[in-house]
$ cat coords-v9.txt   # compact mmCIF, C-alpha atoms
# COMPACT_ATOMS: atom_id res chain seq x y z
CA MET A 1 108.20 -73.19 48.77
CA LYS A 2 105.63 -71.63 51.07
CA LYS A 3 105.81 -68.40 49.12
CA PHE A 4 105.25 -70.26 45.86
CA ALA A 5 102.20 -72.13 47.25
CA LEU A 6 100.77 -68.91 48.70
CA LEU A 7 101.33 -67.14 45.38
CA ALA A 8 99.60 -69.99 43.48
CA VAL A 9 96.57 -69.87 45.82
CA LEU A 10 96.39 -66.09 45.50
CA CYS A 11 96.53 -66.29 41.68
CA CYS A 12 93.76 -68.90 41.63
CA ALA A 13 91.58 -66.77 43.91
CA LEU A 14 92.12 -63.63 41.82
CA SER A 15 91.40 -65.44 38.56
CA ALA A 16 88.19 -66.91 39.99
CA LEU A 17 87.14 -63.50 41.27
CA GLY A 18 88.01 -61.89 37.96
CA CYS A 19 85.92 -64.40 36.00
CA ALA A 20 82.86 -63.68 38.10
CA LYS A 21 83.01 -59.99 37.25
CA THR A 22 83.65 -60.41 33.53
CA VAL A 23 80.94 -58.80 31.42
CA LYS A 24 80.44 -60.09 27.92
CA GLN A 25 80.42 -57.36 25.35
CA GLU A 26 79.15 -57.88 21.88
CA ILE A 27 81.87 -57.22 19.38
CA THR A 28 80.49 -55.71 16.24
CA CYS A 29 82.23 -54.35 13.21
CA TRP A 30 80.63 -51.41 11.52
CA ASP A 31 80.12 -51.98 7.85
CA PRO A 32 78.35 -49.14 6.04
CA LEU A 33 76.85 -51.55 3.52
CA PHE A 34 75.54 -53.97 6.11
CA PRO A 35 74.76 -52.15 9.36
CA PRO A 36 74.10 -54.39 12.36
CA VAL A 37 70.45 -55.34 12.84
CA ARG A 38 69.22 -54.84 16.35
CA GLU A 39 65.95 -56.26 17.48
CA ASP A 40 63.69 -53.89 19.36
CA PRO A 41 62.30 -55.27 22.57
CA ALA A 42 58.68 -56.37 22.36
CA PRO A 43 56.31 -53.57 23.32
CA LYS A 44 54.72 -53.99 26.72
CA PRO A 45 50.97 -54.62 26.64
CA VAL A 46 48.96 -51.55 27.54
CA GLN A 47 47.15 -51.97 30.84
CA PRO A 48 43.54 -50.73 30.82
CA THR A 49 42.73 -47.81 33.06
CA PRO A 50 40.38 -48.34 36.01
CA ARG A 51 37.68 -46.39 34.13
CA GLN A 52 37.99 -48.74 31.13
CA VAL A 53 37.69 -51.76 33.42
CA TYR A 54 34.60 -50.25 35.08
CA GLU A 55 33.01 -49.43 31.71
CA ALA A 56 33.64 -53.00 30.50
CA ASP A 57 32.03 -54.44 33.66
CA TYR A 58 29.13 -51.98 33.38
CA ALA A 59 28.54 -53.00 29.75
CA LYS A 60 28.15 -56.63 30.89
CA LEU A 61 25.18 -55.75 33.13
CA PRO A 62 21.80 -56.81 31.71
CA SER A 63 19.66 -54.29 29.85
CA SER A 64 16.44 -56.21 30.48
CA TYR A 65 14.91 -58.12 33.37
CA THR A 66 12.26 -60.84 33.38
CA VAL A 67 9.93 -60.39 36.34
CA ALA A 68 9.62 -63.29 38.78
CA ARG A 69 6.71 -63.92 41.13
CA GLY A 70 6.68 -61.46 44.02
CA ASP A 71 9.01 -58.93 42.34
CA SER A 72 8.46 -55.21 42.63
CA LEU A 73 10.39 -52.36 41.05
CA TRP A 74 12.01 -51.71 44.44
CA ARG A 75 13.34 -55.28 44.62
CA ILE A 76 14.46 -55.27 41.00
CA ALA A 77 16.37 -51.98 41.40
CA ARG A 78 17.94 -53.31 44.62
CA SER A 79 19.45 -56.28 42.74
CA LYS A 80 23.24 -56.15 42.33
CA ARG A 81 22.87 -57.00 38.64
CA VAL A 82 20.50 -54.06 38.06
CA TYR A 83 21.29 -50.88 40.06
CA ASN A 84 22.27 -52.09 43.56
CA ASP A 85 20.20 -49.14 44.84
CA PRO A 86 16.48 -49.60 45.56
CA PHE A 87 15.77 -45.87 45.37
CA MET A 88 16.47 -45.87 41.63
CA TRP A 89 13.30 -47.83 40.79
CA PRO A 90 11.66 -44.76 39.14
CA LEU A 91 14.20 -45.07 36.30
CA ILE A 92 12.79 -48.51 35.49
CA ALA A 93 9.20 -47.24 35.85
CA LYS A 94 9.89 -44.36 33.47
CA ALA A 95 11.49 -46.65 30.85
CA ASN A 96 8.54 -49.08 31.06
CA ARG A 97 5.76 -46.51 31.49
CA VAL A 98 3.41 -48.28 29.10
CA ASP A 99 3.85 -51.77 30.62
CA VAL A 100 3.95 -50.95 34.35
CA ARG A 101 0.74 -49.62 35.85
CA HIS A 102 1.65 -50.09 39.52
CA PRO A 103 5.29 -50.45 40.69
CA ARG A 104 4.42 -52.94 43.42
CA ARG A 105 2.36 -55.28 41.26
CA ILE A 106 4.06 -56.47 38.10
CA PRO A 107 2.86 -59.66 36.41
CA PRO A 108 5.45 -62.49 36.41
CA GLY A 109 7.11 -63.16 33.09
CA GLN A 110 6.98 -59.56 31.95
CA VAL A 111 10.26 -58.33 30.45
CA LEU A 112 11.31 -54.89 31.68
CA LYS A 113 13.87 -52.60 30.04
CA ILE A 114 16.66 -51.50 32.39
CA PRO A 115 17.97 -48.09 31.31
CA ARG A 116 21.77 -47.97 31.46
CA ASP A 117 22.45 -44.56 29.97
CA PHE A 118 21.16 -41.81 32.24
CA SER A 119 22.46 -38.55 33.65
CA LEU A 120 23.18 -37.54 37.22
CA ASP A 121 20.13 -35.25 37.21
CA GLU A 122 17.88 -38.14 36.17
CA ALA A 123 19.32 -40.36 38.91
CA LYS A 124 18.81 -37.65 41.55
CA ALA A 125 15.26 -36.99 40.35
CA ALA A 126 14.47 -40.72 40.51
CA ARG A 127 15.84 -41.01 44.04
CA ARG A 128 13.83 -37.95 45.17
CA ARG A 129 10.68 -39.45 43.62
CA ALA A 130 11.37 -42.70 45.46
CA GLY A 131 11.39 -40.91 48.81
CA ARG A 132 14.94 -39.71 49.39
CA SER A 133 15.40 -36.16 50.61
CA GLN A 134 17.23 -33.49 48.64
CA ARG A 135 20.25 -34.03 50.89
CA HIS A 136 20.42 -37.77 50.06
CA ALA A 137 19.46 -37.46 46.40
CA ALA A 138 22.87 -38.54 45.05
CA PRO A 139 23.26 -42.28 44.37
CA THR A 140 25.39 -44.31 46.75
CA ARG A 141 28.99 -45.39 46.02
CA SER A 142 27.96 -49.01 45.59
CA ALA A 143 25.31 -48.23 42.95
CA ASN A 144 25.81 -49.38 39.36
CA LEU A 145 26.09 -46.08 37.51
CA PRO A 146 27.37 -45.00 34.10
CA ALA A 147 31.04 -44.00 34.21
CA ALA A 148 30.31 -40.32 33.50
CA VAL A 149 27.84 -40.11 36.41
CA ARG A 150 30.24 -41.91 38.72
CA GLU A 151 33.04 -39.54 37.75
CA SER A 152 30.89 -36.43 38.23
CA LEU A 153 30.05 -37.61 41.76
CA GLY A 154 33.76 -38.06 42.49
CA TYR A 155 33.42 -41.72 43.44
CA GLY A 156 36.35 -42.96 41.35
CA PHE A 157 36.63 -46.36 39.76
$ encode --input "coords-v9.txt" --output "structure tokens"
Amino acid sequence: MKKFALLAVLCCALSALGCAKTVKQEITCWDPLFPPVREDPAPKPVQPTPRQVYEADYAKLPSSYTVARGDSLWRIARSKRVYNDPFMWPLIAKANRVDVRHPRRIPPGQVLKIPRDFSLDEAKAARRRAGRSQRHAAPTRSANLPAAVRESLGYGF
């Protein structure tokens, strides 16, 4: 009787263990007239590259600026929404050459164009004109630059 009870417990344990490992397999019959239709998994959404994200954020930056009382080109260029680099103020002065007579005195309410498409050479020339030495002519890492300029400086995205 003990052997029978032990055998029954062992059979129950093996059947429970066997059920846990059972893998369902789809049974299909091949019919040449009606082949089985298999659904392709949904394609994964393409993640944008860091450069694409940077370019999208850069495109959102304003292309014009309305002067407030006490503003100068230095302060405007220093703004995080403009260039985040005060030494790039000559770019704004060059784009608004007709409207800006003196970079420190700009009448409030005047709308200035903020150039967004410039080359590395133009940025370096602007920084040298603003007082940076040849050694420090390259824009800083935190500056808002076009993607091509940022890439040529090796700053990454």
$ closest_residue --input "coords-v9.txt" --among "A:Gly154, A:Pro146, A:Pro90, A:Pro107" --to "Glu55 (chain A)" --atoms "all atoms listed in the file"
A:Pro146
$ closest_atom_pairs --input "coords-v9.txt" --of "region 115-151 of chain A" --to "region 64-88 of chain A" --cutoff "6 Å" --atoms "all atoms listed in the file" --output "CSV"
residue,atom,partner,partner_atom,distance
A:Ala126,CA,A:Met88,CA,5.6
A:Arg127,CA,A:Phe87,CA,5.0
A:Ala130,CA,A:Phe87,CA,5.4
A:Ala143,CA,A:Asn84,CA,5.0
A:Asn144,CA,A:Tyr83,CA,4.8
$ residues_around --input "coords-v9.txt" --residues "region 95-103 of chain A" --least-positions-apart "2" --cutoff "8 Å" --atoms "only C-alpha atoms" --output "VMD selection string"
chain A and resid 72 to 74 91 to 93 105 to 106 112 to 115
$ atom_distance --input "coords-v9.txt" --atom1 "CA of Gly131 (chain A)" --atom2 "CA of Gly109 (chain A)"
27.6 Å
$ closest_residue --input "coords-v9.txt" --among "A:Pro50, A:Met1, A:Leu153, A:Asp57" --to "Ser119 (chain A)" --atoms "only C-alpha atoms"
A:Leu153
$ atom_distance --input "coords-v9.txt" --atom1 "CA of Val149 (chain A)" --atom2 "CA of Phe118 (chain A)"
8.1 Å
$ atom_distance --input "coords-v9.txt" --atom1 "CA of Ala123 (chain A)" --atom2 "CA of Ala56 (chain A)"
20.9 Å
$ closest_residue --input "coords-v9.txt" --among "A:Ala59, A:Val46, A:Cys11, A:Ala138" --to "Ser152 (chain A)" --atoms "all atoms listed in the file"
A:Ala138
$ closest_residue --input "coords-v9.txt" --among "A:Pro48, A:Tyr58, A:Arg104, A:Arg129" --to "Leu145 (chain A)" --atoms "only C-alpha atoms"
A:Tyr58
